[in-house]
Each structure stands twice: as structure tokens, then as C-alpha cells.
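Enquirer: Got a structure for you, questions after.
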Amino acid sequence: MAPSFDHLRDADVDEDDYDEDEIDISDLKEKYEVQLEQGYETFVVIDGLPEVTEEQKPKLVKFLLKKLNQVGRTREDLVYMPMGEDGRSLRFAFVEFSSAAEAAAAVRQLDMVPLDKRHTLRVNKMSDIDRYGREGRIDDNYVPPKIDEFTEKEHLRSFLADPSGRGRDQFAMYRGDSVGVFWNNEKDTPETIVDRQHWTESFIQWSPLGSYLVSVHQQGVQLWGGASWSRQKRFAHPFVNMLDFSPGEKYIVTWSNRPISIPDDGHPQLSLDEDGKNYVIWDVETAKPLRSFANLDIPAAGADGAKPPPKFPWPAFKWSADEKYVARLTQGSSISVYELPRMNLLDKTTIKIDGVMDFEWAPATPQREGVKQYEQLFCYWTPEIGSNPAKVGLMSIPSKQIVRTLNLFSVTDAKLHWQSDATYLSVKVDRHSKSKKSQATTLEIFRIKEKGVPVEVVDTIKDTVINFAWEPKGDRFVIITTSEPTGPTAVPPKTSVSFFCPEKAKGQTVGNFKHLRTLEKKNSNAIYWSPRGRFVVIATVANAQNSDLEFYDLDFEGEKPESDKDLTANLQLTNTADHYGLTDIQWDPSGRFVASWASVWKHAMENGYHIYDFKGEQLREEPVEKFRQLAWRPRPPTLLSKEEQKHIRKNLREYSKTFEQEDAERGASADLAVVEARRRLLDEWLAWRASVDAEVEEERLARGLPVNPIEGLVEQPENGEEQQVIEEIVEEVIEETEEIVP
């Protein structure tokens with residue numbers, strides 16, 4: 001037994017028996033030594049506080065702690081508020097949090113937050129003040145800031161005023177190393193607006209309302225716009241692979257598969273908080289980062305044989321229709337909803353949903369019957385877990401109220417499809433048989449705006465649905481099905497295309513969804529609705545054997561079949577086309593034209609683009625070497641009221657006459673311009689010929705030669721002597737053949 005301190009002998013503590021320098025205490029030092037540099041990261045400096053006396057100070061500290069403890073953990077004794085010589089506070093305080101992450105959250109969520117009606121907090125990291133304000137970095141002499149003169153900015157929507165007055169749309173083309181923006185001239189060559197070499201290094205993309213053209217570079221992302229196509233914004237996120245705008249262009253999220261690395265000397269836009277992160281959410285107006293995130297580990301396929309998730313789900317962050325929230329899925333466990341622009345977690349907690357596989361925000365704010373205050377909605381689905389059935393749910397945000405749930409059985413997979421006005425939600429459910437050898441699809445359609453959110457089931461589909469698309473701003477949809485197993489195969493499977501629409505009903509109600517028509521033995525795999533509805537293109541995309549396009553009109557004005565009298569559609573095939581090597585299709589925002597192209601990113605055979613009108617008539621075909629991408633420029637929503645739009649539709653024939661006359665005049669003027677150009681060239685050539693003849697004549701006279709050169713070569717008859725003309729005929733045998741006739 002070791003002796004106690006009281007019974008130690010002098011020999012036990014003889015200093016000669018050991019040497020302090022020989023004792024290794026590095027492990028204890030590493031564990032308990034105070035790291036000052038690391039310690040600074042837990043401190044923040046809060047400015048903008050009201051001026052108080054020593055007696056008022058505790059009350060202010062307690063009031064301030066209510067806000068501070070919303071983002072982290074701190075105590076009254078960890079708040080230091082310096083006082084001046086006059087006994088009043090200096091209007092700032094130092095606060096220590098329990099971790100550097102909490103301090104960073106305080107800077108992100110409390111900076112520029114009102115404390116009361118007269119005071120706004122400014123929160124900064126103490127380490128930032130040391131980094132930027134240390135000796136030598138700030139001039140001791142005050143230099144007043146230079147205020148630049150006001151310069152009017154270019155209008156970012158000037159493209160809506162077509163100088164020709166024809167309401168043309170613009171599109172961008174990326175081919176070779178150049179990117180150009182053009183006016184669509186239908187059959188004629190597109191009119192160039194701007195064309196630049198090496199404008200992007202990766203790809204191009206328009207913002208949702210068409211205000212910006214995005215270029216992507218190794219150093220980051222740039223936004224271009226205005227009449228001069230100047231750089232409007234810059235987001236210095238290196239090596240961006242993908243990006244996504246919020247619906248109203250207020251925010252943008254960028255993602256790179258390479259984690260961000262902040263150099264020792266700092267970064268122009270990012271801080272140490274972003275180090276090691278892959279996603280950055282930015283405020284477009286200020287070009288400042290709001291928050292950054294790292295990649296999530298994607299779970300493997302479940303033991304119950306559930307379908308494994310995609311390798312990389314995109315978009316990883318999804319925006320609400322009103323841009324007040326952005327949400328992220330942690331597959332299998334939860335959905336995190338963040339409030340914009342503060343990027344704080346809604347109610348400070350994630351929404352726990354066991355087994356959640358996917359979710360989607362409603363693309364518009366649903367106006368549900370019987371609900372006074374409209375909130376944002378998102379839908380989600382969970383697979384079967386043990387004896388619990390699969391489930392589809394609707395949740396209202398920010399109240400987190402469950403609006404509707406639906407239990408499902410024998411589910412292999414599910415896909416969520418919102419209609420553009422959030423009137424309907426279609427859940428495409430792939431169900432397996434008891435033996436799990438065969439599979440079929442049902443559609444569970446939620447009628448969002450009706451009281452109680454009733455669900456209609458479309459169970460007449462015998463095969464597997466591989467594609468589904470709602471009509472924009474409408475209530476019809478198209479599906480593509482196949483009876484063969486899905487997945488990569490040497491020969492693509494045969495498919496069927498089916499059209500569905502509601503029955504006619506009295507009043508404003510919408511009838512049940514009914515099958516309209518099915519087209520068998522097709523190769524189609526893609527559906528492209530016009531953004532205005534009514535017209536749809538059914539196509540075969542990225543198929544080496546077929547590249548068909550079929551144009552359909554669902555409100556054909558011809559005779560309606562007797563079997564479709566009670567349905568709200570009249571289907572008609574208006575045209576077909578073929579585009580070899582087709583890889584992409586896109587409608588223009590007006591719904592008047594369709595572009596298809598073959599991209600060199602997919603193959604190098606016959607790259608180029610075609611343009612069709614909405615009826616399927618080919619207007620232009622242009623092969624382009626190394627053609628990469630075409631993108632129509634989006635338009636913002638119309639400013640016309642519903643009454644004004646209704647008036648225009650009612651009097652459309654009158655407006656059409658004016659447009660048709662302008663088109664005819666433009667065609668005639670184009671022909672006249674060609675004739676005038678040819679006549680001008682002929683007149684120029686004749687004038688040049690006359691000037692040359694005059695010069696030659698002057699030169700011959702100066703040299704004493706006859707004006708007519710023929711006169712000097714032919715002997716002229718003497719006076720009175722007639723000139724004789726001798727005609728000589730020469731025969732020449734060109735070919736001679738000999739044939740022996742028996």
C-alpha cells in the first residue's frame with residue numbers, strides 16, 4: 001500500500017533520485033493546455049448596444065442573453081460589458097460561447113438583428129477583429145471614404161423590349177469555345193446580340209426569370225446581364241459542378257465535389273466557417289454567403305430489398321415557393337427546414353420522419369378550401385418499415401402541421417409530381433406482387449385545394465410507368481409505360497404513351513380523371529409540355545436507333561370523336577419529325593417554338609440544332625461543329641391582370657390579323673430587299689465597267705492607237721471598194737463507229 005502524504009519519509013521525496021526534465025508530460029500538456037488561438041474562436045464582439053449605467057447593466061445583460069441563447073450556450077458571467085470613466089457603458093460587449101460553432105452561428109444569425117426599435121446588433125468574431133484590425137492593417141489617420149458618383153444601372157429586363165417590335169425570344173448557344181446570345185428569327189438566321197470566346201469553362205444556365213446568364217469557371221460562378229452584358233455578380237466558390245436558383249432569383253446554391261479549402265491569407269468572399277464544406281447558399285443581391293454545408297453520407301440500400309437511392313440527389317436543397325424557406329433531406333431520418341435569409345433551423349429542430357426517402361415543395365402557395373391562413377406545403381414519402389405500411393404525407397410550414405397522410409402497401413418505389421399551380425399532387429407508386437416477380441404502377445392523385453384533400457386513385461395502368469408529366473397550368477397529364485423490365489439494356493424496350501384528362505363536370509368543379517387515348521408500340525421515352533399547356537411533344541431522346549418527335553394538340557378544333565364527348569380534351573397528332581442523334585429538347589417561354597439539339601457532350605455525330613413551331617413544322621436546321629448546349633431565355637410572369645388576359649384571348653382574332661399582315665409585309669419586304677440588293681450589285685458592276693472603258697479609251701488616244709482595237713487588226717477597204725465577206729464551212733468527224741449486222 002502506498003504511503004499517505006503525512007507518512008512520507010524524506011527519502012521518498014529526495015530530489016536527487018529523479019530529474020524533472022526527464023519526466024514526459026506531453027500528453028497532459030496536450031490535454032489541458034489552453035489554446036489561445038482556438039479560444040478566440042469562441043468569442044464574439046457585439047456592437048450597437050444601448051448606453052446604460054452600472055445599475056441598468058444587469059437588466060440589459062439578461063435581455064441580451066435571451067437572444068444569445070437562441071443560437072448557443074452562454075451565461076451572465078461570460079458576458080463582459082466595458083464601462084467608461086463616466087460610469088456609462090461603451091455600447092459593446094464581449095461574449096464567450098461554449099464552442100466555436102456556436103460563436104459562428106451567433107455571427108451568422110444575430111448580425112443586423114434588431115435588439116429593439118432603436119438599436120440593431122452588429123456581431124463579429126473576435127478572431128476576425130484580430131485578423132483584420134491588428135497593428136499595421138489600419139491607418140491611424142482617418143481618411144474619409146470616397147463616395148462614387150451615382151451611375152444608373154442597366155435594366156436587367158431590357159430584353160423584354162424587342163427592338164423589332166415582334167416580341168421575339170432570346171436563346172443562348174454554347175458551341176466550341178464560344179457562347180452567344182441571339183434573337184430567334186424563326187426560319188432566318190438568328191440575329192446575334194453578343195458572342196464571346198471562352199465566356200464559360202463548364203456550362204451556361206439562365207436564372208429562373210431570365211435576368212442573368214450564368215457562366216461557370218474554376219474560380220467560381222459569374223452572373224451577366226443588362227444591355228451591355230456586363231458582369232453583375234460573382235460568387236467565388238471554386239470548382240463548382242452544379243448550381244440552383246431560388247424561384248424568384250433571390251438566392252443561389254452552389255455545389256462542388258471538392259471541399260472548400262481556405263488559404264492561410266484568407267479568401268475574398270468565404271470565411272473559415274466554409275472550410276471543408278461542399279455547398280454554399282448565397283444572397284444574390286449582396287453576393288455574400290449565408291451558410292455552407294458539407295456533403296451527407298448517402299445510405300446504402302435497405303435490407304428489405306428497397307431500391308437504392310441515386311448516387312447524387314440534385315437539387316440537394318429545395319426552395320419553397322415564397323422563398324422564405326429552404327429544406328434539405330437526410331435520407332432515412334429527417335428533413336431540415338431553414339428560414340431565409342437568416343438560415344436558422346426552423347424552431348431549432350429538424351423534422352424527424354423515420355425512413356423518409358424524398359420530399360418536394362409545392363411549386364405555388366396552395367389556397368386550400370376551409371383554411372384561413374395559407375402556408376407552404378411539402379409532400380414526402382416513407383417506405384414500408386417492418387409491419388408499418390409505406391406512407392405519403394403533406395406537411396404545412398411553418399406550423400409543421402400534418403395536413404394529410406395516405407398509407408400504401410406492397411410499395412417498391414414512389415415518385416412525387418406536383419402540378420405547376422399546386423392544384424394536384426400525383427404520387428406514382430410502383431407496386432410489386434406478393435412474389436415480387438412482377439410490377440405495376442398506380443397513381444394516387446391528391447386534390448390539394450378541395451376540402452379535406454381527397455385522393456383519387458388511377459389503377460387502370462397495367463404496366464410500369466417510366467415517365468409522368470402534368471400539363472402546366474392545366475389538369476391533364478401524359479404517362480409513358482413499358483411492360484418490359486426497366487434498366488439499362490442493349491435494345492431500349494417498346495413503350496406505350498397514354499393521355500389522361502378529367503371528365504366534364506358542372507360548375508367550377510373538376511371531374512374524375514379518365515383515360516383518353518393510348519398509343520402502342522412506340523420508342524418514346526420523354527414528355528415535353530408547352531409552358532402554356534395544350535401542346536405536347538412526345539420524343540425519343542438519347543436513343544441510338546430512334547430519334548422521333550411527335551407533336552400533339554389536346555384542344556384540337558376539329559371534329560371530336562363520339563367516345564370523347566364527355567372528356568375535356570380533343571387529341572390530335574399535328575406533325576412528326578426526326579432529328580438524328582437527338583439529346584435534348586426545350587420549349588421557348590412563349591410556347592411558340594421548340595428547339596431540339598444533338599450535343600457533343602453525348603456524342604460527336606451530326607451535332608447541331610433544329611427549331612420547330614408549336615405545330616411541328618420545321619423552321620430551321622443548322623449543323624454546328626462541337627455544338628454543346630442551347631438554352632431559351634426565360635421570361636418573368638406577365639404583369640397583365642386576369643381580366644386583361646381574358647380580354648386579349650377573347651379578341652385574339654383581331655390581333656392575329658394585325659400580326660399576319662406584319663408577317664406578310666416582312667416577307668414581301670425581305671423579297672424586295674433581295675431584288676434591290678441584286679439590282680444594286682448589277683448597277684455597281686456596270687458603272688465600274690464604264691469607268692474602265694473610259695480609262696482604256698483615253699490611254700489608246702494618248703498612244704495614237706485607234707479607239708476600237710479591232711480596227712487595228714483588220715485591214716480596212718479603200719474608198720469606193722466594197723468589203724467582201726467569205727464564208728468557210730469546215731466539217732470535222734468527231735466520232736466514227738462500225739457495226740456488223742448479221
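By convention here, the chains of the C-alpha cells are called A, B, ... in the order presented, each chain's residues are numbered starting at 1, and ligands are numbered starting at 1 in the order presented.
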Env of segment 49-55 of chain A: 9 Å cut, atoms = only C-alpha atoms, seq-sep filter 5 positions within chain, self excluded. Answer as a list of chain:residue names.

Expert: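 So, after excluding close chain neighbours, the residues are A:Leu60, A:Met83, A:Gly87, A:Arg88, A:Ser89, A:Leu90, A:Arg91, A:Phe92, A:Ala93, A:Leu115, A:Arg118, A:His119, A:Thr120, A:Leu121, A:Arg122.
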
Enquirer: Output C-alpha atoms for every residue in the selection just made, as a short mmCIF file (atom, residue, chain, number, x, y, z; two decimals), in the first residue's frame.

Expert:
```
data_model
loop_
_atom_site.label_atom_id
_atom_site.label_comp_id
_atom_site.auth_asym_id
_atom_site.auth_seq_id
_atom_site.Cartn_x
_atom_site.Cartn_y
_atom_site.Cartn_z
CA LEU A 60 -29.55 44.73 -20.33
CA MET A 83 -17.84 50.78 -18.76
CA GLY A 87 -19.92 55.28 -15.38
CA ARG A 88 -21.84 54.55 -18.58
CA SER A 89 -21.33 51.58 -20.91
CA LEU A 90 -19.32 51.86 -24.12
CA ARG A 91 -22.18 50.28 -26.17
CA PHE A 92 -20.37 46.99 -26.92
CA ALA A 93 -19.74 43.67 -25.16
CA LEU A 115 -32.49 44.49 -30.42
CA ARG A 118 -33.76 52.00 -31.85
CA HIS A 119 -30.84 49.55 -31.72
CA THR A 120 -29.55 46.93 -34.18
CA LEU A 121 -26.93 44.37 -33.21
CA ARG A 122 -23.66 44.03 -35.10
#
```

Enquirer: Taking the chain letters and numbering used in this document, name the residues of segment 521-740 of chain A that DSSP puts in alpha helix (DSSP H), as a PyMOL selection string.

Expert: chain A and resi 642-650+652-702

Enquirer: Could you pull out the residues in segment 484-704 of chain A that DSSP calls strand (DSSP E or B) from the backbone, as a PyMOL selection string?

Expert: chain A and resi 495-503+513-522+526-529+535-539+548-553+555+567+570+572-578+584-587+593-598+608-613+618-623+627-632

Enquirer: Mind checking which residues fall within 9 Å of Ile252 of chain A, counting only C-alpha atoms, ignoring those fewer than 4 positions away in the same chain, and posting them as JSON, numbers by chain?

Expert: {"A": [243, 244, 245, 246, 280, 281, 282, 283, 284]}

Enquirer: Quick one: pull the distance between atom CA of Lys506 of chain A and atom CA of Lys473 of chain A, Å, one decimal.

Expert: 20.1 Å

Enquirer: Where does segment 369-422 of chain A meet segment 341-347 of chain A within 12 Å, residue by residue, with the nearest atom pair and distance in Å to one decimal for each, counting only C-alpha atoms, listed by chain and rising number, as a tab-separated table?

Expert:
```
residue	atom	partner	partner_atom	distance
A:Ile397	CA	A:Leu346	CA	9.3
A:Pro398	CA	A:Leu346	CA	7.5
A:Ser399	CA	A:Asp347	CA	9.6
A:Lys400	CA	A:Leu346	CA	9.6
```
